[in-house]
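Before any comments, here is the structure.
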Amino acid sequence: MASVQIDKLLEYVVAQRVSDLHITTGQPPVVRESGRMIRLDTKSLTGDDTTALMKSITPERNQQELQEVGGTDFGFAFGKKARFRVAVFKQRGQVGMVLRQIPNEFLSFEQLGLPPVIRDLISRPRGLFLVTGPTGSGKTTSLASMLNYINDTEDKHVITLEDPIEYYHEHKMCTMNQREIGVDVPSFPEALRRALRMDPDVILVGEMRDLETIQSAITAAETGHVVFGTLHTTGAQGTVDRIIDVFPTSQQEQIRTQLSVSIIGILSQALLPRKPKGLVAAYEMLVVTPAIANLIREAKTFRINSMIQTGRKYGMQLLDDALFNLWKNNICEEKECVVRAVNSAELKGRIERAKRGLYEDDEDEEVEEVEE
């Protein structure tokens with residue numbers, strides 16, 4: 001039976017600690033392990049198999065959505081072992097599924113290698129803190145770790161707005177209310193508008209997709225709340241530009257001013273295969289100092305990267321520097337680091353020079369940046 005089969009597959013996924021399970025017709029189930037796609041040694045799946053597997057775990061409401069719009073997302077718990085975020089879709093008229101494993105335990109800042117300065121930033125009484133990076137770069141895991149830290153150390157009211165809910169938070173020191181878009185509330189803008197009437201201290205906005213959500217999140221951060229948001233952007237500089245570009249030209253100056261006042265930090269991350277197996281994250285950390293707030297207000301975001309480079313004393317670091325260090329310390333392969341760089345050609349050149357024994361002296365770099 002399909003249900004037995006899905007249980008077996010999920011048991012395997014949990015036992016082997018793989019991140020994703022792919023189900024599609026015409027091949028056996030595939031798992032993503034340490035970033036690589038591996039076919040399981042079982043029979044090739046037929047259309048009937050994939051439909052039966054889908055029906056064994058998909059709620060009625062989502063099956064209906066699949067029929068109507070060709071795709072649906074939901075989260076479910078596999079007993080006490082793990083939670084999964086599921087994307088069901090149609091392809092060539094058949095059913096396909098991707099199940100992403102969400103671990104049950106929260107990882108500490110140390111386990112994730114998060115920049116230590118984050119502890120100070122998220123303990124502030126207000127401000128917008130953004131976590132950015134491509135899909136599958138571990139943004140959800142980093143945010144869950146931050147909310148768990150707040151939950152362990154402060155008495156706050158935390159509201160999360162998620163699509164779907166991934167990590168479940170228990171009430172520890174905080175009161176935790178988690179609202180699922182499409183189940184508890186129809187949309188992000190609506191959820192955010194309601195959240196402000198619920199006496200929150202901390203609000204997590206799962207995705208800042210549109211102008212209305214971004215505007216509301218900035219306003220909430222200005223009015224005395226800590227707001228966490230995610231964007232699919234790479235690098236801090238690109239993130240600031242992306243937010244401003246969402247708005248019509250006539251509003252951009254006002255948004256720059258609002259953003260410069262409300263934003264406290266941007267964590268941008270990439271996930272890489274670690275040698276010989278496993279995964280490791282590389283982080284870019286922007287801490288918004290008065291000087292950086294000025295750059296945002298004056299539309300000089302092109303200078304943010306050089307400010308990050310010279311801002312190490314504030315806990316800042318560039319993504320490409322983090323990637324360079326992962327290569328230098330023999331944690332990741334060169335090609336894995338280069339493809340995730342903000343400036344791939346520059347990082348490749350730097351690695352080539354390093355191989356020739358010319359490690360760039362940090363002091364020189366800082367001087368060059370200041371002279372610019």
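Residue numbering restarts at 1 for every chain of the structure tokens, chains are lettered A, B, ... in their displayed order, and ligands are numbered from 1 as they appear.
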Could you list, as a PyMOL selection string, every residue within 6 Å of segment 158-167 of chain A, counting only C-alpha atoms and ignoring same-chain residues fewer than 5 positions away?
chain A and resi 74-75+176-181+202-206
C-alpha atoms of the current selection, written as a PDB file, in the first residue's frame:
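After the write, selection-v4.pdb holds the following:
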```pdb
ATOM      1  CA  PHE A  74       1.394  22.250   3.221  1.00  0.00           C
ATOM      2  CA  GLY A  75       3.279  21.090   6.293  1.00  0.00           C
ATOM      3  CA  MET A 176       4.187  32.212  20.750  1.00  0.00           C
ATOM      4  CA  ASN A 177       1.335  32.557  18.224  1.00  0.00           C
ATOM      5  CA  GLN A 178       1.958  31.010  14.814  1.00  0.00           C
ATOM      6  CA  ARG A 179      -0.469  31.862  11.989  1.00  0.00           C
ATOM      7  CA  GLU A 180      -0.488  29.922   8.748  1.00  0.00           C
ATOM      8  CA  ILE A 181      -1.332  31.812   5.563  1.00  0.00           C
ATOM      9  CA  VAL A 202       8.208  40.401  17.730  1.00  0.00           C
ATOM     10  CA  ILE A 203       6.679  39.614  14.316  1.00  0.00           C
ATOM     11  CA  LEU A 204       8.092  37.136  11.802  1.00  0.00           C
ATOM     12  CA  VAL A 205       6.944  37.731   8.207  1.00  0.00           C
ATOM     13  CA  GLY A 206       7.655  34.468   6.369  1.00  0.00           C
TER      14      GLY A 206
END
```
Mind dumping a table of every segment 68-113 of chain A residue within 12 Å of segment 39-58 of chain A, with the nearest atom pair and its distance in Å to one decimal, using only C-alpha atoms, sorted by chain and rising number, as JSON lines?
```
{"residue": "A:Gly71", "atom": "CA", "partner": "A:Thr58", "partner_atom": "CA", "distance": 11.6}
{"residue": "A:Thr72", "atom": "CA", "partner": "A:Thr58", "partner_atom": "CA", "distance": 9.3}
{"residue": "A:Asp73", "atom": "CA", "partner": "A:Thr58", "partner_atom": "CA", "distance": 9.2}
{"residue": "A:Phe74", "atom": "CA", "partner": "A:Thr58", "partner_atom": "CA", "distance": 7.9}
{"residue": "A:Gly75", "atom": "CA", "partner": "A:Thr58", "partner_atom": "CA", "distance": 9.3}
{"residue": "A:Phe76", "atom": "CA", "partner": "A:Ile57", "partner_atom": "CA", "distance": 8.1}
{"residue": "A:Ala77", "atom": "CA", "partner": "A:Ile57", "partner_atom": "CA", "distance": 10.0}
{"residue": "A:Phe78", "atom": "CA", "partner": "A:Ile57", "partner_atom": "CA", "distance": 9.9}
{"residue": "A:Phe84", "atom": "CA", "partner": "A:Ile57", "partner_atom": "CA", "distance": 10.6}
{"residue": "A:Arg85", "atom": "CA", "partner": "A:Thr58", "partner_atom": "CA", "distance": 11.2}
{"residue": "A:Val86", "atom": "CA", "partner": "A:Thr58", "partner_atom": "CA", "distance": 8.7}
{"residue": "A:Ala87", "atom": "CA", "partner": "A:Thr58", "partner_atom": "CA", "distance": 9.9}
{"residue": "A:Val88", "atom": "CA", "partner": "A:Met54", "partner_atom": "CA", "distance": 7.6}
{"residue": "A:Phe89", "atom": "CA", "partner": "A:Met54", "partner_atom": "CA", "distance": 9.8}
{"residue": "A:Lys90", "atom": "CA", "partner": "A:Thr51", "partner_atom": "CA", "distance": 10.2}
{"residue": "A:Gln91", "atom": "CA", "partner": "A:Gly47", "partner_atom": "CA", "distance": 10.6}
{"residue": "A:Arg92", "atom": "CA", "partner": "A:Gly47", "partner_atom": "CA", "distance": 10.3}
{"residue": "A:Gly93", "atom": "CA", "partner": "A:Gly47", "partner_atom": "CA", "distance": 9.1}
{"residue": "A:Gln94", "atom": "CA", "partner": "A:Gly47", "partner_atom": "CA", "distance": 5.9}
{"residue": "A:Val95", "atom": "CA", "partner": "A:Thr51", "partner_atom": "CA", "distance": 5.9}
{"residue": "A:Gly96", "atom": "CA", "partner": "A:Thr50", "partner_atom": "CA", "distance": 6.7}
{"residue": "A:Met97", "atom": "CA", "partner": "A:Met54", "partner_atom": "CA", "distance": 7.3}
{"residue": "A:Val98", "atom": "CA", "partner": "A:Met54", "partner_atom": "CA", "distance": 10.2}
{"residue": "A:Leu99", "atom": "CA", "partner": "A:Met54", "partner_atom": "CA", "distance": 10.7}
```
Could you dump the residues just selected with N, CA and C atoms as a compact mmCIF listing (two decimals), in the first residue's frame?
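The result, stored in out03.txt:
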```txt
# COMPACT_ATOMS: atom_id res chain seq x y z
N GLY A 71 -1.13 23.05 -8.22
CA GLY A 71 -0.06 22.93 -7.21
C GLY A 71 -0.57 23.32 -5.84
N THR A 72 0.09 22.85 -4.79
CA THR A 72 -0.30 23.19 -3.42
C THR A 72 0.86 22.95 -2.47
N ASP A 73 0.88 23.65 -1.34
CA ASP A 73 1.93 23.46 -0.33
C ASP A 73 1.27 23.24 1.03
N PHE A 74 1.88 22.41 1.84
CA PHE A 74 1.39 22.25 3.22
C PHE A 74 2.52 21.67 4.08
N GLY A 75 2.31 21.70 5.38
CA GLY A 75 3.28 21.09 6.29
C GLY A 75 2.59 19.97 7.05
N PHE A 76 3.33 18.91 7.42
CA PHE A 76 2.73 17.88 8.27
C PHE A 76 3.78 17.26 9.17
N ALA A 77 3.31 16.67 10.27
CA ALA A 77 4.23 16.05 11.24
C ALA A 77 4.29 14.56 10.97
N PHE A 78 5.50 14.01 10.93
CA PHE A 78 5.70 12.56 10.80
C PHE A 78 5.91 12.02 12.20
N PHE A 84 7.58 17.89 7.89
CA PHE A 84 7.91 18.04 6.48
C PHE A 84 7.12 19.19 5.88
N ARG A 85 7.78 19.92 5.00
CA ARG A 85 7.09 20.91 4.19
C ARG A 85 6.94 20.26 2.82
N VAL A 86 5.72 20.23 2.31
CA VAL A 86 5.46 19.47 1.09
C VAL A 86 4.98 20.40 -0.03
N ALA A 87 5.58 20.26 -1.19
CA ALA A 87 5.09 20.95 -2.40
C ALA A 87 4.58 19.87 -3.34
N VAL A 88 3.29 19.91 -3.66
CA VAL A 88 2.69 18.96 -4.59
C VAL A 88 2.39 19.73 -5.89
N PHE A 89 2.65 19.10 -7.03
CA PHE A 89 2.44 19.82 -8.29
C PHE A 89 2.10 18.83 -9.40
N LYS A 90 1.62 19.36 -10.50
CA LYS A 90 1.37 18.52 -11.67
C LYS A 90 2.48 18.74 -12.68
N GLN A 91 2.90 17.65 -13.32
CA GLN A 91 3.86 17.79 -14.41
C GLN A 91 3.52 16.72 -15.46
N ARG A 92 3.40 17.14 -16.69
CA ARG A 92 2.96 16.26 -17.79
C ARG A 92 1.67 15.52 -17.41
N GLY A 93 0.80 16.22 -16.67
CA GLY A 93 -0.49 15.63 -16.32
C GLY A 93 -0.43 14.64 -15.16
N GLN A 94 0.78 14.39 -14.64
CA GLN A 94 0.94 13.46 -13.51
C GLN A 94 1.24 14.26 -12.25
N VAL A 95 1.22 13.56 -11.11
CA VAL A 95 1.49 14.22 -9.82
C VAL A 95 2.97 14.09 -9.45
N GLY A 96 3.56 15.20 -9.02
CA GLY A 96 4.93 15.17 -8.48
C GLY A 96 4.92 15.78 -7.09
N MET A 97 5.90 15.43 -6.27
CA MET A 97 5.99 15.98 -4.90
C MET A 97 7.44 16.18 -4.49
N VAL A 98 7.65 17.24 -3.71
CA VAL A 98 8.95 17.40 -3.05
C VAL A 98 8.68 17.60 -1.57
N LEU A 99 9.29 16.77 -0.74
CA LEU A 99 9.12 16.86 0.71
C LEU A 99 10.43 17.33 1.33
```
DSSP helix (DSSP H, G or I) residues within segment 108-232 of chain A, as a PyMOL selection string:
chain A and resi 109-112+117-122+139-153+188-195+211-222
Please provide as an MDAnalysis selection string all residues within 6 Å of segment 123-132 of chain A, with the sequence filter that same-chain residues fewer than 2 positions apart are discarded (counting only C-alpha atoms).
chainID A and resid 120:121 221 224:233 262:268
Just want the 10 Å neighbourhood of Ile214 of chain A, counted on only C-alpha atoms, with same-chain residues fewer than 6 positions away dropped. Output as a count of residues only.
11
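Between Val280 of chain A and the residues A:Gly238, A:Thr219, A:Gly113, A:Gln317, the shortest atom-to-atom distance, using only C-alpha atoms, involves A:Gly113.
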Running DSSP on the backbone, which parts of segment 63-189 of chain A land in strand (DSSP E or B), as a PDB file with C-alpha atoms, in the first residue's frame?
```
ATOM      1  CA  GLY A  71      -0.063  22.929  -7.209  1.00  0.00           C
ATOM      2  CA  THR A  72      -0.304  23.192  -3.422  1.00  0.00           C
ATOM      3  CA  ASP A  73       1.926  23.461  -0.325  1.00  0.00           C
ATOM      4  CA  PHE A  74       1.394  22.250   3.221  1.00  0.00           C
ATOM      5  CA  GLY A  75       3.279  21.090   6.293  1.00  0.00           C
ATOM      6  CA  PHE A  76       2.725  17.882   8.271  1.00  0.00           C
ATOM      7  CA  ALA A  77       4.231  16.053  11.235  1.00  0.00           C
ATOM      8  CA  PHE A  78       5.696  12.564  10.796  1.00  0.00           C
ATOM      9  CA  ALA A  82      10.211  15.232  12.077  1.00  0.00           C
ATOM     10  CA  ARG A  83       8.059  17.724  10.236  1.00  0.00           C
ATOM     11  CA  PHE A  84       7.913  18.041   6.484  1.00  0.00           C
ATOM     12  CA  ARG A  85       7.087  20.912   4.190  1.00  0.00           C
ATOM     13  CA  VAL A  86       5.460  19.472   1.089  1.00  0.00           C
ATOM     14  CA  ALA A  87       5.094  20.954  -2.402  1.00  0.00           C
ATOM     15  CA  VAL A  88       2.691  18.957  -4.594  1.00  0.00           C
ATOM     16  CA  PHE A  89       2.442  19.817  -8.292  1.00  0.00           C
ATOM     17  CA  LYS A  90       1.367  18.521 -11.669  1.00  0.00           C
ATOM     18  CA  GLN A  91       3.865  17.788 -14.414  1.00  0.00           C
ATOM     19  CA  GLN A  94       0.935  13.459 -13.509  1.00  0.00           C
ATOM     20  CA  VAL A  95       1.494  14.222  -9.820  1.00  0.00           C
ATOM     21  CA  GLY A  96       4.926  15.175  -8.483  1.00  0.00           C
ATOM     22  CA  MET A  97       5.988  15.977  -4.897  1.00  0.00           C
ATOM     23  CA  VAL A  98       8.948  17.400  -3.054  1.00  0.00           C
ATOM     24  CA  LEU A  99       9.120  16.862   0.711  1.00  0.00           C
ATOM     25  CA  ARG A 100      11.582  19.022   2.665  1.00  0.00           C
ATOM     26  CA  GLN A 101      12.540  17.712   6.099  1.00  0.00           C
ATOM     27  CA  ILE A 102      12.306  20.218   8.945  1.00  0.00           C
ATOM     28  CA  GLY A 127      13.827  47.313  14.082  1.00  0.00           C
ATOM     29  CA  LEU A 128      13.719  45.282  10.871  1.00  0.00           C
ATOM     30  CA  PHE A 129      16.068  42.290  10.637  1.00  0.00           C
ATOM     31  CA  LEU A 130      16.227  40.572   7.237  1.00  0.00           C
ATOM     32  CA  VAL A 131      17.455  37.076   6.407  1.00  0.00           C
ATOM     33  CA  THR A 132      18.097  36.629   2.699  1.00  0.00           C
ATOM     34  CA  HIS A 157       4.739  38.160  22.567  1.00  0.00           C
ATOM     35  CA  VAL A 158       5.920  36.627  19.292  1.00  0.00           C
ATOM     36  CA  ILE A 159       3.646  36.316  16.246  1.00  0.00           C
ATOM     37  CA  THR A 160       4.833  34.340  13.225  1.00  0.00           C
ATOM     38  CA  LEU A 161       3.146  34.611   9.806  1.00  0.00           C
ATOM     39  CA  GLU A 162       4.196  31.601   7.739  1.00  0.00           C
ATOM     40  CA  THR A 175       3.946  33.646  24.269  1.00  0.00           C
ATOM     41  CA  MET A 176       4.187  32.212  20.750  1.00  0.00           C
ATOM     42  CA  ASN A 177       1.335  32.557  18.224  1.00  0.00           C
ATOM     43  CA  GLN A 178       1.958  31.010  14.814  1.00  0.00           C
ATOM     44  CA  ARG A 179      -0.469  31.862  11.989  1.00  0.00           C
ATOM     45  CA  GLU A 180      -0.488  29.922   8.748  1.00  0.00           C
ATOM     46  CA  ILE A 181      -1.332  31.812   5.563  1.00  0.00           C
ATOM     47  CA  VAL A 185      -5.493  34.041   7.706  1.00  0.00           C
TER      48      VAL A 185
END
```
Can you tell me which residues surround Asn305 of chain A at a distance of at most 12 Å, considering only C-alpha atoms, apart from same-chain residues fewer than 2 positions away, and format the answer as an NGL selection string?
:A and (235-240 or 284-287 or 292 or 295 or 300-303 or 307-312 or 316-321 or 342-343 or 369-370 or 372)
How about saving the chosen residues, N, CA, C and O atoms kept, as a short mmCIF file (atom, residue, chain, number, x, y, z; two decimals), in the first residue's frame?
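Contents of part09.cif, freshly written:
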```cif
data_model
loop_
_atom_site.label_atom_id
_atom_site.label_comp_id
_atom_site.auth_asym_id
_atom_site.auth_seq_id
_atom_site.Cartn_x
_atom_site.Cartn_y
_atom_site.Cartn_z
N GLY A 235 23.17 38.89 -0.89
CA GLY A 235 23.98 40.03 -0.46
C GLY A 235 23.15 41.17 0.11
O GLY A 235 22.01 41.40 -0.30
N ALA A 236 23.75 41.88 1.06
CA ALA A 236 23.05 42.96 1.76
C ALA A 236 22.73 44.12 0.82
O ALA A 236 21.63 44.67 0.83
N GLN A 237 23.71 44.49 -0.01
CA GLN A 237 23.52 45.63 -0.92
C GLN A 237 22.36 45.36 -1.89
O GLN A 237 21.48 46.20 -2.07
N GLY A 238 22.33 44.15 -2.46
CA GLY A 238 21.25 43.77 -3.38
C GLY A 238 19.89 43.76 -2.69
O GLY A 238 18.86 44.07 -3.31
N THR A 239 19.89 43.42 -1.40
CA THR A 239 18.64 43.36 -0.64
C THR A 239 18.04 44.76 -0.47
O THR A 239 16.84 44.97 -0.68
N VAL A 240 18.88 45.72 -0.09
CA VAL A 240 18.40 47.10 0.10
C VAL A 240 17.86 47.64 -1.23
O VAL A 240 16.77 48.22 -1.28
N GLU A 284 26.86 36.50 5.02
CA GLU A 284 27.23 37.91 4.92
C GLU A 284 26.44 38.63 6.02
O GLU A 284 25.25 38.39 6.18
N MET A 285 27.11 39.49 6.77
CA MET A 285 26.44 40.18 7.87
C MET A 285 26.60 41.68 7.71
O MET A 285 27.71 42.19 7.70
N LEU A 286 25.47 42.36 7.57
CA LEU A 286 25.47 43.83 7.56
C LEU A 286 24.84 44.31 8.86
O LEU A 286 23.71 43.94 9.18
N VAL A 287 25.58 45.11 9.62
CA VAL A 287 25.04 45.75 10.81
C VAL A 287 24.81 47.21 10.43
O VAL A 287 25.73 47.88 9.96
N ILE A 292 25.99 53.64 7.62
CA ILE A 292 25.28 52.85 6.61
C ILE A 292 23.85 53.37 6.43
O ILE A 292 23.34 53.42 5.31
N LEU A 295 24.04 56.07 3.97
CA LEU A 295 24.18 55.59 2.59
C LEU A 295 22.82 55.18 2.01
O LEU A 295 22.52 55.45 0.85
N LYS A 300 23.16 55.80 -1.86
CA LYS A 300 24.55 55.43 -2.20
C LYS A 300 24.82 53.98 -1.81
O LYS A 300 25.86 53.66 -1.22
N THR A 301 23.84 53.11 -2.11
CA THR A 301 23.97 51.71 -1.67
C THR A 301 25.18 51.02 -2.31
O THR A 301 25.67 50.04 -1.77
N PHE A 302 25.66 51.53 -3.44
CA PHE A 302 26.82 50.91 -4.10
C PHE A 302 28.06 50.93 -3.19
O PHE A 302 29.03 50.22 -3.44
N ARG A 303 28.01 51.76 -2.14
CA ARG A 303 29.17 51.82 -1.22
C ARG A 303 29.03 50.90 -0.01
O ARG A 303 29.92 50.83 0.84
N MET A 307 31.83 49.33 2.97
CA MET A 307 31.60 49.60 4.39
C MET A 307 31.57 48.30 5.21
O MET A 307 32.03 48.25 6.34
N ILE A 308 31.01 47.24 4.60
CA ILE A 308 30.99 45.94 5.30
C ILE A 308 32.43 45.47 5.49
O ILE A 308 32.81 45.00 6.55
N GLN A 309 33.23 45.63 4.42
CA GLN A 309 34.61 45.14 4.46
C GLN A 309 35.42 45.85 5.56
O GLN A 309 36.26 45.24 6.20
N THR A 310 35.13 47.13 5.77
CA THR A 310 35.89 47.87 6.79
C THR A 310 35.16 47.86 8.14
O THR A 310 35.60 48.50 9.08
N GLY A 311 34.03 47.12 8.22
CA GLY A 311 33.23 47.15 9.45
C GLY A 311 33.37 45.90 10.30
O GLY A 311 32.45 45.53 11.03
N ARG A 312 34.54 45.24 10.21
CA ARG A 312 34.70 44.00 10.97
C ARG A 312 34.53 44.21 12.46
O ARG A 312 34.05 43.34 13.17
N MET A 316 30.72 42.77 11.11
CA MET A 316 30.28 42.62 9.71
C MET A 316 31.22 41.71 8.93
O MET A 316 32.40 41.61 9.25
N GLN A 317 30.66 41.07 7.88
CA GLN A 317 31.51 40.34 6.95
C GLN A 317 30.81 40.19 5.61
O GLN A 317 29.59 40.12 5.54
N LEU A 318 31.61 40.15 4.54
CA LEU A 318 31.07 39.97 3.19
C LEU A 318 30.90 38.47 2.90
O LEU A 318 31.70 37.66 3.36
N LEU A 319 29.88 38.14 2.12
CA LEU A 319 29.64 36.74 1.75
C LEU A 319 30.87 36.16 1.05
O LEU A 319 31.30 35.04 1.34
N ASP A 320 31.46 36.93 0.12
CA ASP A 320 32.60 36.40 -0.64
C ASP A 320 33.82 36.14 0.25
O ASP A 320 34.60 35.23 -0.02
N ASP A 321 33.97 36.93 1.32
CA ASP A 321 35.06 36.67 2.28
C ASP A 321 34.80 35.37 3.03
O ASP A 321 35.70 34.57 3.28
N VAL A 342 28.95 36.53 -4.73
CA VAL A 342 28.27 37.70 -5.28
C VAL A 342 29.05 38.17 -6.51
O VAL A 342 28.49 38.51 -7.53
N ASN A 343 30.39 38.12 -6.40
CA ASN A 343 31.25 38.46 -7.54
C ASN A 343 32.17 37.26 -7.83
O ASN A 343 33.28 37.17 -7.30
N GLU A 369 40.27 50.04 0.59
CA GLU A 369 38.84 50.37 0.66
C GLU A 369 38.62 51.80 1.13
O GLU A 369 37.79 52.51 0.62
N VAL A 370 39.39 52.20 2.13
CA VAL A 370 39.21 53.55 2.68
C VAL A 370 39.59 54.59 1.63
O VAL A 370 38.91 55.60 1.45
N GLU A 372 39.34 54.41 -1.50
CA GLU A 372 38.29 54.52 -2.54
C GLU A 372 37.42 55.73 -2.28
O GLU A 372 36.97 56.40 -3.12
#
```
